[in-house]
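A.B. asks: I am sharing entry.txt, which consists of compact mmCIF, C-alpha atoms:
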```txt
# COMPACT_ATOMS: atom_id res chain seq x y z
CA MET A 1 30.69 -30.87 32.82
CA HIS A 2 30.30 -27.26 33.85
CA ILE A 3 28.98 -24.71 31.35
CA ALA A 4 29.02 -20.94 31.87
CA PHE A 5 26.49 -18.90 29.90
CA VAL A 6 27.12 -15.21 29.28
CA LEU A 7 24.19 -13.11 28.11
CA GLY A 8 23.00 -9.53 28.44
CA THR A 9 20.03 -8.84 26.18
CA ARG A 10 16.49 -10.12 26.00
CA PRO A 11 17.04 -11.86 22.63
CA GLU A 12 19.91 -13.76 24.23
CA ILE A 13 17.68 -14.80 27.14
CA ILE A 14 15.19 -16.18 24.60
CA LYS A 15 17.76 -17.90 22.42
CA LEU A 16 19.67 -19.54 25.27
CA SER A 17 16.57 -20.50 27.26
CA SER A 18 16.23 -23.97 25.74
CA LEU A 19 19.89 -24.77 26.46
CA ILE A 20 19.70 -23.51 30.04
CA SER A 21 16.46 -25.44 30.62
CA ALA A 22 18.08 -28.61 29.26
CA CYS A 23 20.98 -28.18 31.68
CA ILE A 24 18.53 -27.87 34.57
CA GLU A 25 16.47 -30.87 33.46
CA GLU A 26 19.51 -33.10 32.99
CA GLY A 27 21.51 -32.01 36.00
CA VAL A 28 24.32 -30.41 34.02
CA ARG A 29 26.17 -27.92 36.18
CA TYR A 30 25.91 -24.39 34.82
CA THR A 31 26.61 -20.79 35.79
CA LEU A 32 24.58 -17.95 34.29
CA ILE A 33 26.28 -14.56 34.02
CA HIS A 34 24.01 -11.64 33.06
CA THR A 35 25.79 -8.44 32.00
CA ASN A 36 22.59 -6.33 31.94
CA GLN A 37 23.43 -4.85 28.54
CA HIS A 38 19.66 -4.37 28.30
CA TYR A 39 19.12 -2.61 31.57
CA ALA A 40 15.34 -2.66 32.09
CA GLY A 41 15.27 -4.91 35.13
CA VAL A 42 11.50 -5.43 35.19
CA MET A 43 11.45 -6.63 31.57
CA ASP A 44 14.41 -8.94 32.15
CA ARG A 45 12.64 -10.57 35.09
CA LEU A 46 9.49 -11.00 32.99
CA PHE A 47 11.45 -12.78 30.25
CA PHE A 48 13.09 -15.12 32.76
CA GLU A 49 9.71 -15.90 34.33
CA GLU A 50 7.90 -16.49 31.03
CA LEU A 51 10.64 -18.81 29.84
CA GLY A 52 10.68 -20.71 33.13
CA LEU A 53 14.27 -19.79 33.99
CA PRO A 54 15.77 -19.15 37.43
CA SER A 55 17.57 -15.87 38.05
CA ALA A 56 21.15 -15.42 36.94
CA HIS A 57 23.87 -16.47 39.36
CA PHE A 58 25.76 -13.24 38.66
CA ASN A 59 24.36 -9.90 37.51
CA LEU A 60 26.95 -7.34 36.46
CA GLY A 61 24.62 -4.33 36.07
CA VAL A 62 26.74 -2.89 33.25
CA GLY A 63 23.97 -0.96 31.49
CA SER A 64 24.48 1.35 28.55
CA GLY A 65 27.49 3.34 27.42
CA PRO A 66 29.95 3.69 24.55
CA ALA A 67 30.73 0.30 23.04
CA ALA A 68 34.38 0.14 24.11
CA THR A 69 33.55 1.25 27.65
CA GLN A 70 30.69 -1.22 27.85
CA LEU A 71 32.91 -4.07 26.63
CA ALA A 72 35.63 -3.17 29.10
CA ARG A 73 33.19 -3.17 32.02
CA MET A 74 31.78 -6.51 30.94
CA ILE A 75 35.16 -8.19 30.54
CA ALA A 76 36.32 -6.81 33.90
CA GLY A 77 33.20 -8.24 35.52
CA ILE A 78 33.23 -11.61 33.73
CA GLU A 79 36.94 -12.42 34.21
CA PRO A 80 36.96 -12.91 38.02
CA ILE A 81 33.75 -14.94 37.85
CA LEU A 82 35.33 -17.35 35.37
CA GLN A 83 38.40 -17.60 37.60
CA GLN A 84 36.11 -18.39 40.53
CA VAL A 85 33.79 -20.98 38.93
CA GLN A 86 36.26 -22.57 36.47
CA PRO A 87 33.81 -23.77 33.79
CA ASP A 88 34.76 -26.26 31.10
CA CYS A 89 33.39 -23.95 28.42
CA VAL A 90 31.67 -20.60 28.00
CA VAL A 91 28.58 -20.48 25.79
CA VAL A 92 27.68 -17.22 24.06
CA GLN A 93 24.97 -16.53 21.54
CA GLY A 94 24.82 -14.28 18.51
CA ASP A 95 26.56 -10.96 18.04
CA THR A 96 25.99 -8.65 21.01
CA ASN A 97 28.62 -6.82 23.02
CA SER A 98 27.82 -9.22 25.87
CA ALA A 99 28.57 -12.22 23.64
CA LEU A 100 31.86 -10.72 22.48
CA ALA A 101 32.84 -9.82 26.05
CA GLY A 102 32.09 -13.35 27.21
CA GLY A 103 34.11 -14.81 24.37
CA LEU A 104 37.09 -12.51 24.94
CA ALA A 105 37.14 -13.11 28.70
CA ALA A 106 36.95 -16.87 28.21
CA SER A 107 39.59 -16.92 25.50
CA LYS A 108 42.03 -14.91 27.63
CA ALA A 109 41.41 -17.34 30.50
CA GLY A 110 42.12 -20.35 28.29
CA ILE A 111 38.52 -21.58 28.44
CA ALA A 112 36.83 -23.02 25.35
CA VAL A 113 34.24 -20.75 23.73
CA ALA A 114 31.08 -22.22 22.17
CA HIS A 115 29.37 -19.83 19.75
CA VAL A 116 25.67 -20.45 19.27
CA GLU A 117 24.39 -18.96 15.99
CA ALA A 118 27.87 -19.03 14.49
CA GLY A 119 28.75 -18.11 10.92
CA LEU A 120 26.11 -15.47 10.22
CA ARG A 121 27.35 -12.75 7.91
CA SER A 122 25.75 -9.61 6.50
CA PHE A 123 29.06 -8.53 4.88
CA ASP A 124 28.41 -5.03 6.20
CA ARG A 125 31.22 -3.98 8.51
CA GLY A 126 29.29 -0.80 9.23
CA MET A 127 27.10 -2.93 11.51
CA PRO A 128 28.61 -3.32 15.00
CA GLU A 129 27.02 -6.77 15.15
CA GLU A 130 29.01 -7.92 12.11
CA THR A 131 32.31 -7.07 13.76
CA ASN A 132 31.23 -8.85 16.95
CA ARG A 133 30.18 -12.06 15.21
CA VAL A 134 33.33 -12.23 13.07
CA LEU A 135 35.59 -11.73 16.08
CA LEU A 136 33.66 -14.32 18.07
CA ASP A 137 33.92 -16.92 15.35
CA HIS A 138 37.68 -16.46 15.15
CA LEU A 139 38.23 -17.05 18.85
CA SER A 140 35.74 -19.89 19.34
CA SER A 141 36.37 -23.61 19.80
CA TYR A 142 32.84 -24.78 18.92
CA TRP A 143 30.67 -23.36 16.15
CA PHE A 144 26.93 -24.11 16.18
CA CYS A 145 25.44 -22.97 12.88
CA PRO A 146 21.74 -22.56 12.03
CA SER A 147 22.07 -23.97 8.50
CA PRO A 148 24.69 -25.30 6.03
CA LEU A 149 25.13 -21.80 4.59
CA GLN A 150 26.99 -20.67 7.71
CA VAL A 151 29.34 -23.66 7.52
CA GLU A 152 30.28 -22.55 4.01
CA LEU A 153 30.81 -18.96 5.14
CA LEU A 154 33.04 -20.06 8.03
CA ALA A 155 35.07 -22.26 5.68
CA ARG A 156 35.79 -19.23 3.48
CA GLU A 157 37.45 -17.69 6.54
CA GLY A 158 39.49 -20.82 7.28
CA ILE A 159 37.26 -22.11 10.06
CA ILE A 160 36.70 -25.81 9.41
CA GLY A 161 36.88 -29.04 11.36
CA ALA A 162 34.96 -31.50 13.48
CA ASN A 163 33.68 -28.84 15.87
CA VAL A 164 31.75 -26.97 13.18
CA HIS A 165 28.16 -28.22 13.28
CA VAL A 166 24.79 -27.41 11.78
CA THR A 167 22.39 -27.77 14.68
CA GLY A 168 19.52 -25.48 13.73
CA ASN A 169 18.95 -22.30 15.67
CA THR A 170 18.02 -22.12 19.34
CA GLY A 171 15.90 -19.05 18.60
CA ASN A 172 13.80 -21.34 16.46
CA ASP A 173 13.60 -23.77 19.40
CA ALA A 174 12.03 -21.06 21.53
CA THR A 175 9.63 -19.92 18.83
CA LEU A 176 8.31 -23.42 18.19
CA ARG A 177 8.11 -24.20 21.90
CA HIS A 178 6.18 -21.09 22.95
CA ALA A 179 4.13 -20.00 19.91
CA CYS A 180 0.94 -21.86 20.86
CA ALA A 181 1.15 -20.80 24.50
CA ALA A 182 1.50 -17.19 23.40
CA VAL A 183 -1.73 -17.31 21.40
CA GLU A 184 -3.54 -19.09 24.22
CA HIS A 185 -2.41 -16.99 27.16
CA SER A 186 -1.51 -13.53 25.87
CA ARG A 187 -4.11 -10.78 26.33
CA ILE A 188 -2.21 -8.22 24.30
CA HIS A 189 -4.75 -7.99 21.46
CA PRO A 190 -7.76 -7.01 23.58
CA ALA A 191 -5.54 -4.81 25.74
CA LEU A 192 -4.54 -2.79 22.67
CA GLY A 193 -7.94 -3.05 20.96
CA LEU A 194 -6.49 -5.02 18.03
CA ASP A 195 -8.10 -7.49 15.68
CA PRO A 196 -5.76 -10.21 14.39
CA ASP A 197 -4.64 -9.71 10.77
CA ASP A 198 -5.76 -6.08 10.87
CA TYR A 199 -2.58 -4.34 12.05
CA MET A 200 1.11 -4.21 11.24
CA LEU A 201 3.96 -4.86 13.66
CA LEU A 202 7.08 -2.68 13.57
CA THR A 203 10.38 -2.96 15.42
CA CYS A 204 13.25 -0.55 14.89
CA HIS A 205 16.45 -0.39 16.90
CA ARG A 206 19.57 -0.62 14.74
CA PRO A 207 21.95 2.37 14.78
CA SER A 208 21.63 2.70 11.00
CA ASN A 209 17.93 3.48 11.45
CA THR A 210 17.90 5.31 14.78
CA ASP A 211 21.12 7.23 15.39
CA ASP A 212 20.35 9.89 12.76
CA LEU A 213 17.11 11.52 13.90
CA ASP A 214 16.34 12.92 10.45
CA HIS A 215 16.65 9.45 8.95
CA PHE A 216 14.48 8.00 11.72
CA ALA A 217 11.85 10.70 11.11
CA GLY A 218 11.81 9.92 7.39
CA LEU A 219 11.48 6.21 8.08
CA MET A 220 8.54 6.76 10.44
CA ALA A 221 6.88 9.08 7.92
CA ALA A 222 7.14 6.31 5.33
CA VAL A 223 5.61 3.81 7.76
CA GLN A 224 2.80 6.28 8.45
CA ALA A 225 2.16 6.54 4.70
CA LEU A 226 2.01 2.74 4.43
CA ALA A 227 -0.43 2.60 7.34
CA GLN A 228 -2.66 5.14 5.59
CA ALA A 229 -2.46 3.22 2.30
CA GLN A 230 -3.42 -0.05 4.00
CA ASP A 231 -5.83 1.55 6.49
CA ARG A 232 -4.21 -0.35 9.32
CA PRO A 233 -2.49 0.81 12.52
CA VAL A 234 1.13 0.00 13.21
CA ILE A 235 2.16 -1.33 16.62
CA LEU A 236 5.70 -0.39 17.70
CA PRO A 237 7.08 -1.79 20.96
CA VAL A 238 9.70 0.84 21.73
CA HIS A 239 13.24 -0.49 22.09
CA PRO A 240 15.34 0.71 25.07
CA ARG A 241 17.71 2.45 22.63
CA LEU A 242 15.02 4.93 21.61
CA GLY A 243 14.89 8.11 23.67
CA ALA A 244 12.69 11.13 24.20
CA GLN A 245 13.51 12.64 20.78
CA HIS A 246 12.50 9.43 19.03
CA ARG A 247 9.24 9.40 20.96
CA GLN A 248 8.54 12.98 19.89
CA ILE A 249 8.93 11.92 16.27
CA LEU A 250 6.62 8.97 16.81
CA ALA A 251 4.00 11.20 18.45
CA ALA A 252 3.67 13.08 15.16
CA GLN A 253 2.60 9.89 13.34
CA PRO A 254 -0.93 9.05 14.57
CA LEU A 255 -1.18 5.61 12.95
CA ILE A 256 2.01 4.40 14.63
CA LYS A 257 1.06 3.29 18.13
CA ALA A 258 4.19 3.32 20.24
CA ILE A 259 3.91 1.01 23.25
CA ASP A 260 6.26 0.09 26.06
CA PRO A 261 8.38 -3.06 25.56
CA VAL A 262 6.35 -6.23 25.96
CA GLY A 263 7.13 -9.70 27.27
CA TYR A 264 8.13 -12.59 25.08
CA LEU A 265 4.72 -14.25 24.94
CA ASP A 266 2.99 -10.96 24.12
CA MET A 267 5.53 -10.31 21.36
CA LEU A 268 4.97 -13.77 19.89
CA ALA A 269 1.22 -13.15 19.98
CA LEU A 270 1.61 -9.78 18.25
CA LEU A 271 3.82 -11.37 15.63
CA GLN A 272 1.37 -14.18 14.88
CA GLY A 273 -1.52 -11.75 14.51
CA ALA A 274 0.24 -9.20 12.30
CA ALA A 275 -0.88 -8.74 8.71
CA LEU A 276 2.65 -7.53 7.93
CA VAL A 277 5.89 -7.32 9.90
CA LEU A 278 8.35 -4.46 9.41
CA THR A 279 11.65 -4.85 11.20
CA ASP A 280 15.38 -4.25 11.22
CA SER A 281 15.84 -7.13 13.68
CA GLY A 282 17.45 -10.32 12.43
CA GLY A 283 15.76 -12.35 15.13
CA LEU A 284 12.28 -11.07 14.35
CA GLN A 285 12.93 -11.64 10.65
CA GLU A 286 13.69 -15.26 11.49
CA GLU A 287 10.62 -15.62 13.73
CA ALA A 288 8.39 -14.15 11.03
CA CYS A 289 9.65 -16.78 8.60
CA VAL A 290 9.10 -19.62 11.07
CA LEU A 291 5.58 -18.40 11.89
CA ARG A 292 4.71 -17.67 8.25
CA ARG A 293 4.27 -13.93 8.57
CA ARG A 294 5.13 -11.74 5.58
CA CYS A 295 7.96 -9.39 6.43
CA LEU A 296 9.72 -6.29 5.16
CA VAL A 297 13.31 -6.07 6.37
CA LEU A 298 14.20 -2.39 6.79
CA ARG A 299 17.83 -2.85 5.86
CA ALA A 300 20.08 -3.05 2.82
CA ASN A 301 21.37 -6.50 3.79
CA THR A 302 20.68 -9.40 6.08
CA GLU A 303 22.63 -12.14 7.83
CA ARG A 304 19.58 -14.40 7.42
CA PRO A 305 19.16 -14.76 3.65
CA GLU A 306 17.34 -18.07 4.19
CA SER A 307 14.23 -16.13 5.16
CA LEU A 308 14.24 -14.33 1.82
CA ALA A 309 14.32 -17.52 -0.23
CA SER A 310 10.70 -18.42 0.44
CA GLY A 311 9.45 -15.13 -1.00
CA GLY A 312 7.81 -14.20 2.28
CA ALA A 313 10.36 -11.51 3.15
CA LEU A 314 11.90 -8.63 1.20
CA LEU A 315 14.76 -6.27 1.87
CA VAL A 316 13.89 -2.57 1.65
CA ALA A 317 17.24 -0.85 1.27
CA SER A 318 16.07 2.72 0.74
CA VAL A 319 12.89 3.48 2.62
CA THR A 320 10.53 6.09 1.24
CA ALA A 321 6.75 6.18 1.32
CA GLN A 322 6.61 4.93 -2.26
CA SER A 323 9.25 2.20 -1.86
CA LEU A 324 7.60 0.91 1.31
CA ILE A 325 4.12 0.84 -0.19
CA GLU A 326 5.43 -0.92 -3.31
CA ALA A 327 7.39 -3.45 -1.25
CA ALA A 328 4.36 -4.19 0.94
CA HIS A 329 2.26 -4.76 -2.16
CA ALA A 330 4.93 -7.04 -3.66
CA VAL A 331 5.38 -9.21 -0.57
CA GLY A 332 1.64 -9.25 0.09
CA ASN A 333 0.94 -10.66 -3.37
CA ALA A 334 3.93 -12.99 -3.61
CA GLN A 335 3.46 -16.72 -4.02
CA VAL A 336 5.26 -17.87 -0.91
CA ALA A 337 6.79 -21.34 -0.53
CA TRP A 338 6.79 -21.34 3.24
CA SER A 339 9.46 -23.44 4.91
CA ASN A 340 11.46 -23.42 8.11
CA PRO A 341 15.17 -23.32 7.25
CA PHE A 342 16.23 -22.83 10.88
CA GLY A 343 15.90 -26.36 12.23
CA ASP A 344 13.45 -28.73 13.85
CA GLY A 345 13.23 -27.19 17.32
CA HIS A 346 15.91 -29.42 18.86
CA ALA A 347 19.05 -27.35 18.33
CA HIS A 348 19.58 -27.18 22.10
CA ARG A 349 19.61 -30.97 22.29
CA ARG A 350 22.33 -31.29 19.65
CA ILE A 351 24.44 -28.51 21.16
CA LEU A 352 24.32 -29.89 24.69
CA ASP A 353 25.14 -33.43 23.54
CA ILE A 354 28.10 -32.19 21.51
CA LEU A 355 29.48 -30.20 24.46
CA ARG A 356 28.97 -33.08 26.91
CA HIS A 357 30.82 -35.49 24.62
CA GLY A 358 33.82 -33.23 24.12
CA GLY A 359 32.99 -32.20 20.58
CA ALA A 360 31.84 -35.52 19.17
CA PRO A 361 28.09 -35.60 18.55
CA ALA A 362 26.12 -38.15 20.55
CA SER A 363 24.65 -40.88 18.38
CA GLU A 364 21.10 -40.31 19.62
CA ALA A 365 21.14 -36.65 18.64
CA ALA A 366 23.32 -36.40 15.57
CA PRO A 367 23.74 -32.93 14.05
CA LEU A 368 21.63 -31.99 11.07
CA TRP A 369 24.83 -31.61 9.05
CA SER A 370 28.49 -31.34 10.03
CA VAL A 371 31.88 -30.81 8.51
CA ALA A 372 34.73 -33.13 9.39
CA GLY A 373 38.25 -32.46 8.27
CA ARG A 374 41.46 -30.97 9.51
CA GLN A 375 41.26 -28.95 12.68
CA ARG A 376 41.71 -25.24 12.30
CA ALA A 377 45.18 -24.15 13.36
```
Represent the structure of the file as structure tokens.

C.D. replies:
Amino acid sequence: MHIAFVLGTRPEIIKLSSLISACIEEGVRYTLIHTNQHYAGVMDRLFFEELGLPSAHFNLGVGSGPAATQLARMIAGIEPILQQVQPDCVVVQGDTNSALAGGLAASKAGIAVAHVEAGLRSFDRGMPEETNRVLLDHLSSYWFCPSPLQVELLAREGIIGANVHVTGNTGNDATLRHACAAVEHSRIHPALGLDPDDYMLLTCHRPSNTDDLDHFAGLMAAVQALAQAQDRPVILPVHPRLGAQHRQILAAQPLIKAIDPVGYLDMLALLQGAALVLTDSGGLQEEACVLRRRCLVLRANTERPESLASGGALLVASVTAQSLIEAAHAVGNAQVAWSNPFGDGHAHRRILDILRHGGAPASEAAPLWSVAGRQRA
């Protein structure tokens, strides 16, 4: 068995880390192709080191650019590598341009595509990620879903059969595996002069929140108003997408402390110590649910509705100072039935066993839930 992994962003490094580690531990041959969609080399190396992963076998150095150009560069770089190494399948995760490029290159080469975190839908085609995940699902051969909801959503699109599995989410694997170590080893709180449960954590990177500078300025003004109302600072690790103009806007909001991107363990520590999480990230929304942190999702929709069901997270579709303050009050006073709908921390085990057995789950690591039926044409 030879598995090729294609990734390009730090969330993908996190969410594929358990699978890659399992391949190393069990002697499964693998090739790791890194597109460098996130192009901060120092941060990438830190994530690999913290997660105990060796460097990628191939690094394409694609970097930023218009989506179509970026995809073209990735596919052109991935294709000859797949021809050279001849894997049995290509594993991609989530909904990034790197994932789509890996899936397209593999599909054109006649190599099976395994989609980790399959079936997520926000039903908002204005999100580039939604287009990517839909296209990936319709060219894949294996679908690894976080929960039964995604199996139902795939079935509505005609994707059914024995290779559709609920395995839990590998992002959840990483969170459960590293949460305690983050609290024990991270020094981020004293470094920033923070007391646990006395600050808010903010992440903001989606085009809908950042491409229009006026909208971004209004959003940050609303966050500043919330910080004043709660008398707490807001910590914002700045995403690589944010530029000098975004930083100028942030500089005008004294209670929003913009910091450079942090490593995975520091981010987990910040998350676990936050009195409230504000984010437009699906992954952080999921992590907040798993770690029982109340969360405001700065979007009109989400591909992770499971996190809303507990009452510990709320969507904030139209962000103003008043709406944000009211939403923070509502989620802060909600009676939350905390649960973890994203699996038991062993999604990587189920996925690897399924791939090694040609699609049939191994008896010792049966999927949480699976659909058997006719194969999709």

A.B. asks: Just the number, please: distance in Å from CA of Ala179 (chain A) to CA of Leu242 (chain A), one decimal.

C.D. replies: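 These atoms are spaced 27.3 Å apart.
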
A.B. asks: Would you kindly return, as a ChimeraX atom specification, each protein, DNA or RNA residue with an atom no farther than 9 Å from any atom of region 337-348 of chain A, considering only C-alpha atoms and excluding same-chain residues fewer than 6 positions away?

C.D. replies: /A:16-20,22,144,146-147,166-177,286,289-292,306-307,309-312,365,367-368

A.B. asks: Quick one: of A:Leu324, A:Ile351, A:Leu60, A:Ile256, who's nearest to His115 (chain A), counting all atoms listed in the file?

C.D. replies: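 Among the listed residues, the smallest separation from His115 (chain A) belongs to A:Ile351.
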
A.B. asks: Quick check, in Å to one decimal: how far apart do CA of Arg356 (chain A) and CA of His2 (chain A) lie?

C.D. replies: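 According to the coordinates, CA of Arg356 (chain A) and CA of His2 (chain A) are separated by 9.2 Å.
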
A.B. asks: Point out the residue among A:His57, A:Thr131, A:Leu213, A:Leu314 with the least atom-to-atom distance to His329 (chain A), counting only C-alpha atoms.

C.D. replies: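 For His329 (chain A), the nearest of the candidates is A:Leu314.
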
A.B. asks: Which distance in Å separates CA of Leu71 (chain A) and CA of Gly102 (chain A), to one decimal?

C.D. replies: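 Taking CA of Leu71 (chain A) as the start and CA of Gly102 (chain A) as the end point, the length is 9.3 Å.
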
A.B. asks: Measuring atom to atom with only C-alpha atoms, identify which of A:Ala269, A:Ala105, A:Leu46, A:Ile81 is nearest to Arg10 (chain A).

C.D. replies: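 Ranking A:Ala269, A:Ala105, A:Leu46, A:Ile81 by distance to Arg10 (chain A), first place goes to A:Leu46.
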
A.B. asks: With distances taken over only C-alpha atoms, which residue among A:Gly65, A:Gly158, A:Pro261, A:Pro80 lies nearest Cys204 (chain A)?

C.D. replies: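 When distances to Cys204 (chain A) are compared using only C-alpha atoms, the smallest one comes from A:Pro261.
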
A.B. asks: Distance table requested - region 179-222 of chain A against region 275-284 of chain A, cut-off 12 Å, only C-alpha atoms: one row per qualifying residue with the closest atom pair and its distance in Å to one decimal, ordered by chain and rising residue number, as a tab-separated table.

C.D. replies:
```
residue	atom	partner	partner_atom	distance
A:Leu194	CA	A:Ala275	CA	11.5
A:Asp195	CA	A:Ala275	CA	10.1
A:Pro196	CA	A:Ala275	CA	7.6
A:Asp197	CA	A:Ala275	CA	4.4
A:Asp198	CA	A:Ala275	CA	6.0
A:Tyr199	CA	A:Ala275	CA	5.8
A:Met200	CA	A:Leu276	CA	4.9
A:Leu201	CA	A:Val277	CA	4.9
A:Leu202	CA	A:Leu278	CA	4.7
A:Thr203	CA	A:Thr279	CA	4.8
A:Cys204	CA	A:Asp280	CA	5.6
A:His205	CA	A:Asp280	CA	7.0
A:Arg206	CA	A:Asp280	CA	6.6
A:Pro207	CA	A:Asp280	CA	10.0
A:Ser208	CA	A:Asp280	CA	9.3
A:Asn209	CA	A:Asp280	CA	8.1
A:Thr210	CA	A:Asp280	CA	10.5
A:Leu219	CA	A:Leu278	CA	11.2
A:Met220	CA	A:Leu278	CA	11.3
A:Ala222	CA	A:Leu278	CA	11.6
```

A.B. asks: Taking into account all atoms listed in the file, which residue in the set A:Val90, A:Leu53, A:Gln272, A:Thr302 is nearest to Glu129 (chain A)?

C.D. replies: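 For Glu129 (chain A), the nearest of the candidates is A:Thr302.
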
A.B. asks: Here is a test: counting only C-alpha atoms, which residue of A:Tyr142, A:Glu117, A:Asp211, A:Leu308 is nearest to Arg241 (chain A)?

C.D. replies: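 Comparing A:Tyr142, A:Glu117, A:Asp211, A:Leu308 against Arg241 (chain A), the winner is A:Asp211.
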